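Content type compact mmCIF, C-alpha atoms and all ligand atoms, from the file model-v9.txt:
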# COMPACT_ATOMS: atom_id res chain seq x y z
CA MET Z 106 15.73 -9.41 -1.51
CA LYS Z 107 16.86 -6.27 -3.21
CA LYS Z 108 19.90 -4.07 -2.77
CA THR Z 109 19.25 -1.05 -0.60
CA ILE Z 110 20.89 2.32 -0.03
CA ARG Z 111 23.00 0.58 2.62
CA ASP Z 112 24.62 -1.61 -0.05
CA ILE Z 113 25.83 1.08 -2.40
CA GLU Z 114 28.31 3.99 -2.21
CA VAL Z 115 26.40 7.25 -2.47
CA ARG Z 116 28.98 9.75 -1.20
CA GLY Z 117 29.23 12.72 -3.52
CA LYS Z 118 26.83 11.08 -5.97
CA ARG Z 119 23.61 12.54 -7.34
CA VAL Z 120 20.86 10.27 -6.12
CA LEU Z 121 17.39 10.40 -7.66
CA VAL Z 122 14.88 9.23 -5.05
CA ARG Z 123 11.32 8.29 -6.04
CA VAL Z 124 9.24 9.13 -3.00
CA ASP Z 125 5.51 8.98 -2.36
CA PHE Z 126 4.55 12.56 -1.53
CA ASN Z 127 1.00 12.03 -2.78
CA VAL Z 128 -0.39 13.83 0.27
CA PRO Z 129 -3.88 15.18 0.91
CA LEU Z 130 -4.10 18.95 0.46
CA ALA Z 131 -6.21 21.39 2.48
CA ASP Z 132 -8.51 23.92 0.77
CA ASP Z 133 -5.80 26.57 0.90
CA GLY Z 134 -3.42 24.22 -0.92
CA THR Z 135 -1.21 23.43 2.07
CA VAL Z 136 -0.35 19.88 3.08
CA ALA Z 137 -3.21 18.55 5.23
CA ASP Z 138 -1.46 15.39 6.40
CA SER Z 139 2.31 14.98 6.26
CA THR Z 140 2.43 11.28 7.17
CA ARG Z 141 3.77 10.24 3.77
CA ILE Z 142 6.43 12.92 3.78
CA LYS Z 143 7.54 11.89 7.26
CA ALA Z 144 7.72 8.28 6.10
CA ALA Z 145 10.43 9.22 3.60
CA LEU Z 146 12.61 11.03 6.15
CA PRO Z 147 14.72 8.04 7.26
CA THR Z 148 15.90 7.51 3.68
CA ILE Z 149 16.49 11.23 3.09
CA ARG Z 150 18.40 11.67 6.36
CA PHE Z 151 20.54 8.61 5.72
CA LEU Z 152 21.47 9.86 2.25
CA GLN Z 153 22.34 13.25 3.74
CA GLU Z 154 24.54 11.69 6.39
CA GLN Z 155 26.29 9.72 3.68
CA GLY Z 156 27.02 12.90 1.76
CA ALA Z 157 24.76 12.25 -1.23
CA LYS Z 158 23.24 14.98 -3.40
CA ILE Z 159 19.53 14.31 -3.18
CA ILE Z 160 17.00 14.78 -5.97
CA LEU Z 161 13.42 13.93 -4.96
CA ILE Z 162 10.67 13.04 -7.39
CA SER Z 163 7.00 12.26 -6.67
CA HIS Z 164 3.53 12.39 -8.11
CA LEU Z 165 0.59 14.22 -6.52
CA GLY Z 166 -2.99 13.49 -7.47
CA ARG Z 167 -4.06 12.67 -10.99
CA PRO Z 168 -3.06 15.46 -13.39
CA LYS Z 169 -3.09 12.90 -16.24
CA GLY Z 170 -0.07 14.03 -18.17
CA ARG Z 171 -0.59 17.78 -18.15
CA VAL Z 172 0.23 20.70 -15.88
CA VAL Z 173 -2.41 21.33 -13.20
CA GLU Z 174 -1.51 24.44 -11.20
CA ASP Z 175 -3.15 23.20 -7.98
CA LEU Z 176 -1.06 20.04 -8.08
CA ARG Z 177 2.39 21.63 -8.11
CA LEU Z 178 4.73 20.46 -5.36
CA ASP Z 179 5.62 23.87 -3.90
CA GLN Z 180 3.61 23.29 -0.71
CA VAL Z 181 5.15 19.86 -0.39
CA ALA Z 182 8.60 21.48 -0.56
CA ARG Z 183 7.56 23.90 2.19
CA CYS Z 184 6.30 21.06 4.38
CA LEU Z 185 9.49 19.04 3.86
CA SER Z 186 11.54 22.12 4.60
CA ASP Z 187 9.68 22.59 7.92
CA LEU Z 188 10.19 18.94 8.85
CA LEU Z 189 13.91 18.95 8.07
CA GLN Z 190 14.49 22.53 9.25
CA GLN Z 191 16.41 23.12 6.08
CA GLU Z 192 16.11 24.93 2.78
CA ILE Z 193 14.61 22.72 0.05
CA ALA Z 194 15.12 23.88 -3.52
CA LYS Z 195 12.22 23.19 -5.88
CA VAL Z 196 12.13 23.35 -9.67
CA ASP Z 197 9.06 23.54 -11.88
CA GLU Z 198 10.05 20.71 -14.20
CA CYS Z 199 11.31 17.13 -13.97
CA ILE Z 200 13.54 16.90 -17.04
CA GLY Z 201 15.51 19.12 -19.38
CA PRO Z 202 18.64 21.30 -19.37
CA GLU Z 203 17.52 23.62 -16.55
CA VAL Z 204 16.82 20.72 -14.21
CA GLU Z 205 20.06 19.02 -15.22
CA LYS Z 206 21.93 22.22 -14.36
CA ALA Z 207 20.24 22.43 -10.95
CA CYS Z 208 21.11 18.81 -10.22
CA ALA Z 209 24.72 19.28 -11.29
CA ALA Z 210 25.04 22.27 -8.96
CA LEU Z 211 23.94 20.35 -5.83
CA GLU Z 212 26.39 20.07 -2.94
CA PRO Z 213 26.52 16.92 -0.78
CA GLY Z 214 23.59 16.93 1.67
CA GLU Z 215 21.54 19.38 -0.38
CA ILE Z 216 18.03 18.50 -1.49
CA LEU Z 217 16.24 19.39 -4.72
CA LEU Z 218 12.56 18.59 -5.22
CA LEU Z 219 11.37 18.16 -8.80
CA GLU Z 220 7.87 19.01 -10.07
CA ASN Z 221 4.88 16.63 -10.02
CA VAL Z 222 6.07 13.81 -12.27
CA ARG Z 223 2.56 13.06 -13.51
CA PHE Z 224 2.55 16.39 -15.38
CA TYR Z 225 4.45 14.39 -18.02
CA PRO Z 226 2.53 11.94 -20.24
CA GLY Z 227 5.70 9.82 -20.43
CA GLU Z 228 5.45 8.97 -16.72
CA GLU Z 229 2.35 6.79 -16.69
CA LYS Z 230 3.09 5.52 -20.21
CA ASN Z 231 6.52 4.48 -18.98
CA ASP Z 232 8.02 6.06 -22.07
CA PRO Z 233 11.70 5.02 -22.34
CA GLU Z 234 12.67 8.50 -23.61
CA PHE Z 235 11.17 10.06 -20.49
CA ALA Z 236 12.91 7.52 -18.26
CA LYS Z 237 16.21 8.20 -20.05
CA ALA Z 238 15.77 11.94 -19.57
CA LEU Z 239 15.23 11.35 -15.83
CA SER Z 240 18.32 9.15 -15.67
CA ARG Z 241 20.47 12.03 -16.95
CA LEU Z 242 19.83 13.88 -13.68
CA ALA Z 243 21.54 11.36 -11.43
CA ASP Z 244 24.15 8.65 -10.85
CA ILE Z 245 21.96 6.37 -8.76
CA PHE Z 246 18.23 5.67 -8.53
CA VAL Z 247 16.49 4.89 -5.26
CA ASN Z 248 12.88 3.75 -5.10
CA ASP Z 249 11.24 4.54 -1.78
CA ALA Z 250 7.67 4.85 -3.05
CA PHE Z 251 5.96 1.62 -2.10
CA GLY Z 252 2.54 3.15 -2.80
CA THR Z 253 3.28 3.27 -6.55
CA ALA Z 254 5.52 0.19 -6.76
CA HIS Z 255 2.67 -1.76 -8.40
CA ARG Z 256 2.75 0.62 -11.37
CA ALA Z 257 5.35 0.34 -14.12
CA HIS Z 258 5.84 4.06 -14.61
CA GLY Z 259 8.83 6.09 -15.81
CA SER Z 260 9.91 7.16 -12.32
CA THR Z 261 9.14 3.83 -10.62
CA ALA Z 262 10.40 1.16 -13.01
CA GLY Z 263 11.51 2.82 -16.27
CA VAL Z 264 14.43 4.85 -14.95
CA ALA Z 265 15.85 1.76 -13.20
CA ALA Z 266 16.89 0.44 -16.60
CA TYR Z 267 19.40 3.27 -17.00
CA LEU Z 268 20.83 3.73 -13.49
CA PRO Z 269 21.99 1.44 -10.69
CA ALA Z 270 18.72 1.07 -8.80
CA VAL Z 271 18.25 0.21 -5.13
CA ALA Z 272 15.52 0.30 -2.48
CA GLY Z 273 15.06 3.01 0.13
CA PHE Z 274 14.25 2.15 3.75
CA LEU Z 275 10.49 2.50 3.42
CA LEU Z 276 10.28 0.23 0.40
CA GLU Z 277 12.67 -2.21 2.06
CA LYS Z 278 10.54 -2.35 5.20
CA GLU Z 279 7.36 -2.95 3.21
CA ILE Z 280 8.70 -5.82 1.13
CA ASP Z 281 10.50 -7.26 4.12
CA MET Z 282 7.43 -7.20 6.38
CA LEU Z 283 4.88 -8.36 3.83
CA GLY Z 284 7.30 -10.76 2.16
CA ARG Z 285 8.37 -12.49 5.36
CA ALA Z 286 4.81 -12.83 6.63
CA LEU Z 287 3.82 -14.60 3.41
CA ALA Z 288 6.94 -16.69 2.89
CA ASP Z 289 7.75 -17.75 6.43
CA PRO Z 290 4.90 -16.90 8.80
CA GLN Z 291 4.87 -17.58 12.50
CA ARG Z 292 1.95 -19.95 12.99
CA PRO Z 293 -0.91 -20.08 13.38
CA PHE Z 294 -1.17 -17.79 10.36
CA VAL Z 295 -4.52 -16.00 10.26
CA ALA Z 296 -5.84 -13.83 7.43
CA VAL Z 297 -8.75 -11.46 8.08
CA LEU Z 298 -10.44 -10.39 4.87
CA GLY Z 299 -13.25 -7.93 4.44
CA GLY Z 300 -14.13 -4.91 2.35
CA ALA Z 301 -16.90 -4.47 -0.08
CA LYS Z 302 -16.65 -7.10 -2.79
CA VAL Z 303 -15.50 -10.68 -3.26
CA SER Z 304 -14.41 -9.77 -6.77
CA ASP Z 305 -11.87 -7.25 -5.40
CA LYS Z 306 -10.30 -9.90 -3.20
CA ILE Z 307 -10.45 -13.12 -5.24
CA LYS Z 308 -6.76 -13.11 -6.01
CA VAL Z 309 -5.84 -12.32 -2.42
CA ILE Z 310 -7.97 -15.22 -1.19
CA THR Z 311 -6.53 -17.58 -3.81
CA ASN Z 312 -2.97 -16.64 -2.93
CA LEU Z 313 -3.45 -16.79 0.84
CA LEU Z 314 -5.58 -19.94 1.05
CA PRO Z 315 -2.67 -22.40 0.64
CA LYS Z 316 -0.58 -20.48 3.18
CA VAL Z 317 -2.91 -19.72 6.09
CA ASP Z 318 -4.25 -21.80 8.97
CA ALA Z 319 -7.42 -19.75 9.35
CA LEU Z 320 -9.36 -17.31 7.21
CA LEU Z 321 -11.80 -14.89 8.84
CA ILE Z 322 -14.26 -13.33 6.43
CA GLY Z 323 -16.26 -10.17 7.10
CA GLY Z 324 -17.38 -7.04 5.29
CA GLY Z 325 -19.70 -6.95 2.31
CA MET Z 326 -18.10 -9.97 0.71
CA ALA Z 327 -19.24 -12.23 3.55
CA TYR Z 328 -22.82 -12.13 2.24
CA THR Z 329 -22.01 -13.83 -1.05
CA PHE Z 330 -20.51 -16.67 1.03
CA LEU Z 331 -23.52 -16.75 3.35
CA LYS Z 332 -25.86 -16.85 0.38
CA ALA Z 333 -23.80 -19.68 -1.12
CA GLN Z 334 -24.39 -21.56 2.13
CA GLY Z 335 -28.12 -21.16 1.60
CA HIS Z 336 -28.87 -18.26 3.96
CA GLY Z 337 -31.28 -15.47 3.10
CA ILE Z 338 -29.28 -12.24 3.11
CA GLY Z 339 -31.99 -9.62 2.56
CA ASN Z 340 -30.64 -6.55 0.77
CA SER Z 341 -27.03 -7.24 1.70
CA LEU Z 342 -24.32 -6.89 -0.90
CA LEU Z 343 -24.45 -9.89 -3.22
CA GLU Z 344 -22.33 -10.78 -6.21
CA ALA Z 345 -24.54 -13.40 -7.77
CA ASP Z 346 -21.93 -14.34 -10.35
CA LYS Z 347 -19.47 -15.18 -7.56
CA LEU Z 348 -21.62 -17.76 -5.75
CA ASP Z 349 -19.88 -20.71 -7.41
CA LEU Z 350 -16.53 -19.17 -6.62
CA ALA Z 351 -17.55 -18.78 -2.97
CA ARG Z 352 -18.55 -22.45 -2.85
CA ASP Z 353 -15.28 -23.41 -4.49
CA ILE Z 354 -13.27 -21.39 -1.96
CA MET Z 355 -15.12 -23.02 0.94
CA ALA Z 356 -14.51 -26.47 -0.54
CA ARG Z 357 -10.81 -25.79 -1.07
CA ALA Z 358 -10.46 -24.49 2.48
CA ALA Z 359 -12.08 -27.67 3.81
CA GLU Z 360 -9.79 -29.86 1.68
CA ARG Z 361 -6.70 -28.09 2.93
CA GLY Z 362 -7.78 -28.04 6.55
CA VAL Z 363 -7.96 -24.24 6.62
CA ASP Z 364 -10.49 -22.99 9.17
CA LEU Z 365 -12.74 -20.67 7.21
CA PHE Z 366 -14.88 -18.49 9.47
CA LEU Z 367 -17.99 -16.65 8.34
CA PRO Z 368 -20.11 -14.29 10.46
CA GLU Z 369 -22.61 -16.02 12.74
CA ASP Z 370 -24.43 -12.78 13.50
CA VAL Z 371 -24.58 -9.41 11.74
CA VAL Z 372 -25.79 -5.86 12.24
CA ALA Z 373 -28.60 -5.19 9.78
CA THR Z 374 -30.19 -1.88 8.83
CA ASP Z 375 -32.77 -0.43 6.47
CA LEU Z 376 -30.30 2.42 5.86
CA SER Z 377 -32.84 4.96 7.13
CA SER Z 378 -31.49 8.38 8.05
CA ASP Z 379 -31.31 7.55 11.77
CA ALA Z 380 -29.32 4.41 10.92
CA ALA Z 381 -31.79 2.26 12.87
CA HIS Z 382 -30.32 -1.21 13.13
CA GLN Z 383 -30.61 -4.56 14.84
CA THR Z 384 -28.36 -7.51 15.52
CA VAL Z 385 -29.55 -10.77 13.99
CA ALA Z 386 -28.25 -14.29 13.50
CA VAL Z 387 -27.20 -15.01 9.91
CA THR Z 388 -30.04 -17.52 9.73
CA GLU Z 389 -32.50 -14.70 10.40
CA ILE Z 390 -31.55 -11.68 8.28
CA PRO Z 391 -34.94 -10.05 7.58
CA PRO Z 392 -35.84 -9.47 3.94
CA GLY Z 393 -35.37 -5.80 3.10
CA LEU Z 394 -32.52 -5.23 5.58
CA MET Z 395 -28.87 -4.94 4.68
CA GLY Z 396 -26.00 -6.50 6.66
CA VAL Z 397 -23.48 -3.75 7.36
CA ASP Z 398 -21.27 -5.12 10.15
CA ILE Z 399 -20.34 -8.32 11.93
CA GLY Z 400 -22.32 -8.89 15.13
CA PRO Z 401 -21.05 -9.23 18.74
CA LYS Z 402 -20.80 -13.04 18.71
CA THR Z 403 -18.75 -12.93 15.53
CA ARG Z 404 -16.54 -10.19 16.97
CA ALA Z 405 -15.85 -12.30 20.04
CA ARG Z 406 -15.10 -15.42 17.96
CA TYR Z 407 -12.81 -13.58 15.52
CA GLY Z 408 -11.13 -11.91 18.49
CA GLN Z 409 -10.34 -15.32 19.99
CA VAL Z 410 -8.80 -16.61 16.78
CA ILE Z 411 -6.73 -13.45 16.40
CA ALA Z 412 -5.56 -13.64 20.03
CA GLY Z 413 -4.03 -17.06 19.42
CA ALA Z 414 -2.35 -16.17 16.12
CA GLY Z 415 1.38 -16.12 15.41
CA THR Z 416 0.83 -13.92 12.37
CA VAL Z 417 -2.26 -11.93 11.38
CA ILE Z 418 -2.68 -10.19 8.05
CA TRP Z 419 -5.74 -7.99 7.74
CA ASN Z 420 -7.19 -6.48 4.59
CA GLY Z 421 -10.62 -4.95 4.30
CA PRO Z 422 -12.95 -3.50 6.98
CA MET Z 423 -15.52 -5.78 8.65
CA GLY Z 424 -18.37 -3.38 8.04
CA VAL Z 425 -19.38 0.03 6.72
CA PHE Z 426 -16.98 1.52 9.27
CA GLU Z 427 -17.30 5.03 7.83
CA LEU Z 428 -20.63 5.20 9.71
CA GLU Z 429 -20.06 5.06 13.46
CA PRO Z 430 -22.99 2.69 14.26
CA PHE Z 431 -21.43 0.13 11.90
CA ALA Z 432 -17.80 0.52 12.96
CA ALA Z 433 -17.80 -1.86 15.94
CA GLY Z 434 -16.75 -4.95 13.99
CA THR Z 435 -13.82 -3.20 12.36
CA ARG Z 436 -12.86 -1.70 15.74
CA SER Z 437 -12.97 -5.10 17.48
CA VAL Z 438 -10.65 -6.69 14.90
CA ALA Z 439 -8.25 -3.75 15.19
CA GLU Z 440 -8.29 -4.00 18.99
CA ALA Z 441 -7.76 -7.76 18.94
CA MET Z 442 -4.81 -7.34 16.60
CA ALA Z 443 -3.36 -4.56 18.76
CA LYS Z 444 -3.40 -6.95 21.73
CA CYS Z 445 -2.12 -9.98 19.79
CA GLN Z 446 1.42 -11.05 20.72
CA GLY Z 447 2.18 -12.28 17.21
CA ILE Z 448 3.15 -10.39 14.04
CA THR Z 449 0.31 -8.09 12.96
CA ILE Z 450 0.16 -6.57 9.50
CA ILE Z 451 -2.40 -4.26 7.93
CA GLY Z 452 -2.64 -4.02 4.14
CA GLY Z 453 -5.16 -2.03 2.13
CA GLY Z 454 -6.02 1.65 2.08
CA ASP Z 455 -9.31 1.61 3.97
CA SER Z 456 -8.12 -0.88 6.59
CA ALA Z 457 -5.03 1.21 7.27
CA ALA Z 458 -7.18 4.35 7.49
CA ALA Z 459 -9.50 2.62 9.97
CA VAL Z 460 -6.61 1.52 12.17
CA LYS Z 461 -5.12 5.02 12.14
CA LYS Z 462 -8.46 6.62 12.96
CA LEU Z 463 -8.71 4.31 15.97
CA GLY Z 464 -5.24 5.35 17.10
CA LEU Z 465 -4.02 1.75 16.96
CA ALA Z 466 -1.44 1.99 14.16
CA GLY Z 467 1.43 2.08 16.67
CA ALA Z 468 0.29 -1.18 18.23
CA MET Z 469 0.68 -3.11 14.96
CA THR Z 470 3.88 -4.69 13.71
CA HIS Z 471 3.35 -3.02 10.36
CA VAL Z 472 0.74 -0.84 8.68
CA SER Z 473 1.43 -0.77 4.97
CA THR Z 474 1.67 2.65 3.35
CA GLY Z 475 0.50 1.30 0.01
CA GLY Z 476 -3.17 0.50 -0.57
CA GLY Z 477 -3.16 -0.95 -4.08
CA ALA Z 478 0.48 -2.02 -3.82
CA SER Z 479 -0.07 -4.03 -0.64
CA LEU Z 480 -3.11 -5.67 -2.19
CA GLU Z 481 -1.11 -6.73 -5.25
CA PHE Z 482 1.64 -7.99 -2.97
CA LEU Z 483 -0.91 -10.09 -1.06
CA GLU Z 484 -2.12 -11.38 -4.44
CA GLY Z 485 1.38 -12.81 -4.87
CA ARG Z 486 2.23 -10.54 -7.77
CA GLU Z 487 5.67 -9.13 -8.28
CA LEU Z 488 5.57 -5.34 -8.17
CA PRO Z 489 7.27 -3.76 -11.23
CA GLY Z 490 8.84 -1.01 -9.12
CA VAL Z 491 10.48 -3.65 -6.95
CA ALA Z 492 11.36 -6.08 -9.74
CA ALA Z 493 13.36 -3.34 -11.50
CA LEU Z 494 15.76 -2.94 -8.56
CA LEU Z 495 19.13 -4.67 -8.29
CA ASP Z 496 19.08 -8.02 -6.54
CA GLU Z 497 20.86 -8.21 -3.22
CA ASP Z 498 23.37 -10.69 -4.59
CA ALA Z 499 24.02 -8.80 -7.83
CA ARG Z 500 27.81 -8.53 -7.78
CA GLU Z 501 28.17 -4.97 -8.95
CA CYS Z 502 25.86 -2.02 -9.09
CA SER Z 503 25.79 -1.78 -12.84
CA PRO Z 504 22.78 -0.21 -14.48
CA GLY Z 505 20.28 -2.54 -16.02
CA ALA Z 506 18.84 -4.68 -13.29
CA ARG Z 507 16.90 -6.18 -16.16
CA GLY Z 508 20.23 -6.86 -17.87
CA LYS Z 509 21.26 -10.39 -18.63
CA ASP Z 510 18.10 -12.28 -19.33
CA GLY Z 511 16.31 -9.38 -20.91
CA GLU Z 512 13.54 -9.05 -18.37
CA GLY Z 513 13.01 -8.07 -14.76
CA ASN Z 514 14.82 -10.45 -12.46
CA ALA Z 515 12.55 -12.03 -9.92
P1 LIG P 1 -9.19 -1.88 1.63
O1 LIG P 1 -9.07 -0.48 1.04
O2 LIG P 1 -8.69 -1.94 3.04
O3 LIG P 1 -8.62 -2.93 0.73
P2 LIG P 1 -11.85 -2.21 0.55
O4 LIG P 1 -11.65 -1.03 -0.32
O5 LIG P 1 -11.86 -3.54 -0.07
O6 LIG P 1 -10.77 -2.19 1.77
O7 LIG P 1 -13.23 -2.08 1.32
C1 LIG P 1 -13.62 -0.94 2.03
C2 LIG P 1 -15.08 -0.66 1.85
O8 LIG P 1 -15.89 -1.79 2.13
C3 LIG P 1 -15.53 0.40 2.81
O9 LIG P 1 -15.90 1.56 2.09
C4 LIG P 1 -16.72 -0.21 3.53
O10 LIG P 1 -17.79 0.69 3.73
C5 LIG P 1 -17.13 -1.31 2.60
N1 LIG P 1 -17.91 -2.35 3.32
C6 LIG P 1 -17.52 -3.06 4.39
N2 LIG P 1 -18.52 -3.87 4.81
C7 LIG P 1 -19.54 -3.67 3.98
C8 LIG P 1 -20.86 -4.21 3.89
N3 LIG P 1 -21.31 -5.11 4.77
N4 LIG P 1 -21.67 -3.79 2.90
C9 LIG P 1 -21.21 -2.87 2.01
N5 LIG P 1 -20.00 -2.32 2.04
C10 LIG P 1 -19.16 -2.71 3.01
MG MG P 2 -10.17 0.48 -0.51
What is this structure when it is put down as structure tokens?
Amino acid sequence: MKKTIRDIEVRGKRVLVRVDFNVPLADDGTVADSTRIKAALPTIRFLQEQGAKIILISHLGRPKGRVVEDLRLDQVARCLSDLLQQEIAKVDECIGPEVEKACAALEPGEILLLENVRFYPGEEKNDPEFAKALSRLADIFVNDAFGTAHRAHGSTAGVAAYLPAVAGFLLEKEIDMLGRALADPQRPFVAVLGGAKVSDKIKVITNLLPKVDALLIGGGMAYTFLKAQGHGIGNSLLEADKLDLARDIMARAAERGVDLFLPEDVVATDLSSDAAHQTVAVTEIPPGLMGVDIGPKTRARYGQVIAGAGTVIWNGPMGVFELEPFAAGTRSVAEAMAKCQGITIIGGGDSAAAVKKLGLAGAMTHVSTGGGASLEFLEGRELPGVAALLDEDARECSPGARGKDGEGNA
């Protein structure tokens, strides 16, 4: 585990907080959905109560190292100001003498929002000079942006080399929830994997296979497995170069005694404009039709397995859930998880969006805020933005979490 803002004295200190304010914007440029801003409030409020001087930094969109007027953070500042009922100062840069002056002038409890950090080419390049310039603004660095923790950027990992660096509450909750589920799951441990392609999820499957008791497969990737079993799959999504891999995964699951479930029936369509569709057994997918959702028998079976689980991790929709006629499979998994008495965790951008759209996010133990980051976590990779933080048992909060052995401590 990593040190958090609870483990470090912040009173009167300038604290640079990397937040994830990468929010969707409406046509008029205002914040269309403030979920991500709200998610950072516990950390911000805690730092205020502790008398810290707060400097917030975030990216927004993909300006690719140059200034894009529409991606300035002024509307984000306004939204944050409304949420906190407090004046939020905003500057139009992230580094330099003007920003340093503004940071130095902060009083305890005051908040300053910096400009979109991706206006600087040094951010995504993780340029040490850029990271050093950021470090001059503050005494302490806090990472609370789980959504970008899988990127080694200047404001996520780089700056941690020059300041004592700790986790904010959001980041802490993410690594705690996901980490505990993987390291010490309540059993039976069930993983539900879907989404479009096997190739996107190979590493997740490989990492989870030795840990889980059951693996439920749905979504587009199920068809490569079904094909590998010898079924005709019509026009369904197939990754022909992954057939051997699918066979290998099924063999490894059998060896390890992992129950690997594949759909027994599917919803198939010709993708005509009226979305005409039929439910068929996987042994009878008509040529020319495409499987776009798991069928009712599969939903019931997967629902049973989920109901008996101690821990469920779900990544990847069961069907083309963006189209209502093909959303039933995804909905049934979400509903089964909502009812499950065990620990329920959603990782992955589209899966989280599906659960939110269904209004079931509150019924889950945890819905990860990071799409790509949660996926990399489930792949068993260490996230650079987390690795750069001080370890919980590090004796003092000296800068250079990467200190002694010259690289990120695990
Ligand atoms: P996540 O973002 O949760 O990790 P993915 O990005 O892997 O999920 O997958 C989401 C996409 O998978 C959705 O756009 C969905 O339409 C698509 N998908 C699900 N089932 C199928 C299917 N049977 N055929 C084609 N695409 C599918
Ligand atoms: Mg996705």
What lies within 10 Å of His471 of chain Z using all atoms listed in the file, ignoring chain neighbours under 4 positions off, as a PDB file with C-alpha atoms, in the frame of the given file?
ATOM      1  CA  LYS Z 278      10.540  -2.350   5.200  1.00  0.00           C
ATOM      2  CA  GLU Z 279       7.360  -2.950   3.210  1.00  0.00           C
ATOM      3  CA  MET Z 282       7.430  -7.200   6.380  1.00  0.00           C
ATOM      4  CA  LEU Z 283       4.880  -8.360   3.830  1.00  0.00           C
ATOM      5  CA  ILE Z 418      -2.680 -10.190   8.050  1.00  0.00           C
ATOM      6  CA  ILE Z 448       3.150 -10.390  14.040  1.00  0.00           C
ATOM      7  CA  THR Z 449       0.310  -8.090  12.960  1.00  0.00           C
ATOM      8  CA  ILE Z 450       0.160  -6.570   9.500  1.00  0.00           C
ATOM      9  CA  ILE Z 451      -2.400  -4.260   7.930  1.00  0.00           C
ATOM     10  CA  GLY Z 452      -2.640  -4.020   4.140  1.00  0.00           C
ATOM     11  CA  ALA Z 457      -5.030   1.210   7.270  1.00  0.00           C
ATOM     12  CA  ALA Z 466      -1.440   1.990  14.160  1.00  0.00           C
ATOM     13  CA  GLY Z 467       1.430   2.080  16.670  1.00  0.00           C
TER      14      GLY Z 467
END
Check: Which neighbours of Glu192 of chain Z fall inside 10 Å, counting all atoms listed in the file, when residues of the same chain fewer than 4 positions from it are skipped, and could you give them as an MDAnalysis selection string?
Finding: chainID Z and resid 182:183 185:187 215:217
Note to self: Calculated over only C-alpha atoms and all ligand atoms, which of the candidates Z:Ile399, Z:Ile390, Z:Ala266, Z:Ala301 has the smallest distance to ligand LIG 1 (chain P)?
What the structure shows: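 Among Z:Ile399, Z:Ile390, Z:Ala266, Z:Ala301, it is Z:Ala301 that comes nearest to ligand LIG 1 (chain P).
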What lies within 7 Å of Asn248 of chain Z using only C-alpha atoms, ignoring chain neighbours under 6 positions off, as a tab-separated table (two decimals) with C-alpha atoms, in the coordinates of the input?
chain	number	residue	atom	x	y	z
Z	122	VAL	CA	14.88	9.23	-5.05
Z	123	ARG	CA	11.32	8.29	-6.04
Z	124	VAL	CA	9.24	9.13	-3.00
Z	261	THR	CA	9.14	3.83	-10.62
Z	271	VAL	CA	18.25	0.21	-5.13
Z	272	ALA	CA	15.52	0.30	-2.48
Z	273	GLY	CA	15.06	3.01	0.13
Item checked: Nearest-residue call for ligand LIG 1 (chain P), choices Z:Val371, Z:Met106, Z:Ile113, Z:Ile200, using all atoms listed in the file ->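 Smallest distance to ligand LIG 1 (chain P) is found for Z:Val371.
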For the interface of segment 198-259 of chain Z with segment 492-501 of chain Z (cut-off 12 Å, counting all atoms listed in the file), please tabulate each contacting residue of segment 198-259 of chain Z alongside its nearest pair of atoms and their separation in Å to one decimal, rows sorted by chain and increasing number, as a Markdown table.
| residue | atom | partner | partner_atom | distance |
| --- | --- | --- | --- | --- |
| Z:Ile245 | CA | Z:Leu494 | CA | 11.2 |
| Z:Phe246 | CA | Z:Leu494 | CA | 9.0 |
| Z:Val247 | CA | Z:Leu494 | CA | 8.5 |
| Z:Asn248 | CA | Z:Leu494 | CA | 8.1 |
| Z:Asp249 | CA | Z:Leu494 | CA | 11.1 |
| Z:Ala254 | CA | Z:Ala492 | CA | 9.1 |
| Z:His255 | CA | Z:Ala492 | CA | 9.8 |
| Z:Arg256 | CA | Z:Ala492 | CA | 11.0 |
| Z:Ala257 | CA | Z:Ala493 | CA | 9.2 |
| Z:His258 | CA | Z:Ala493 | CA | 11.0 |
| Z:Gly259 | CA | Z:Ala493 | CA | 11.3 |
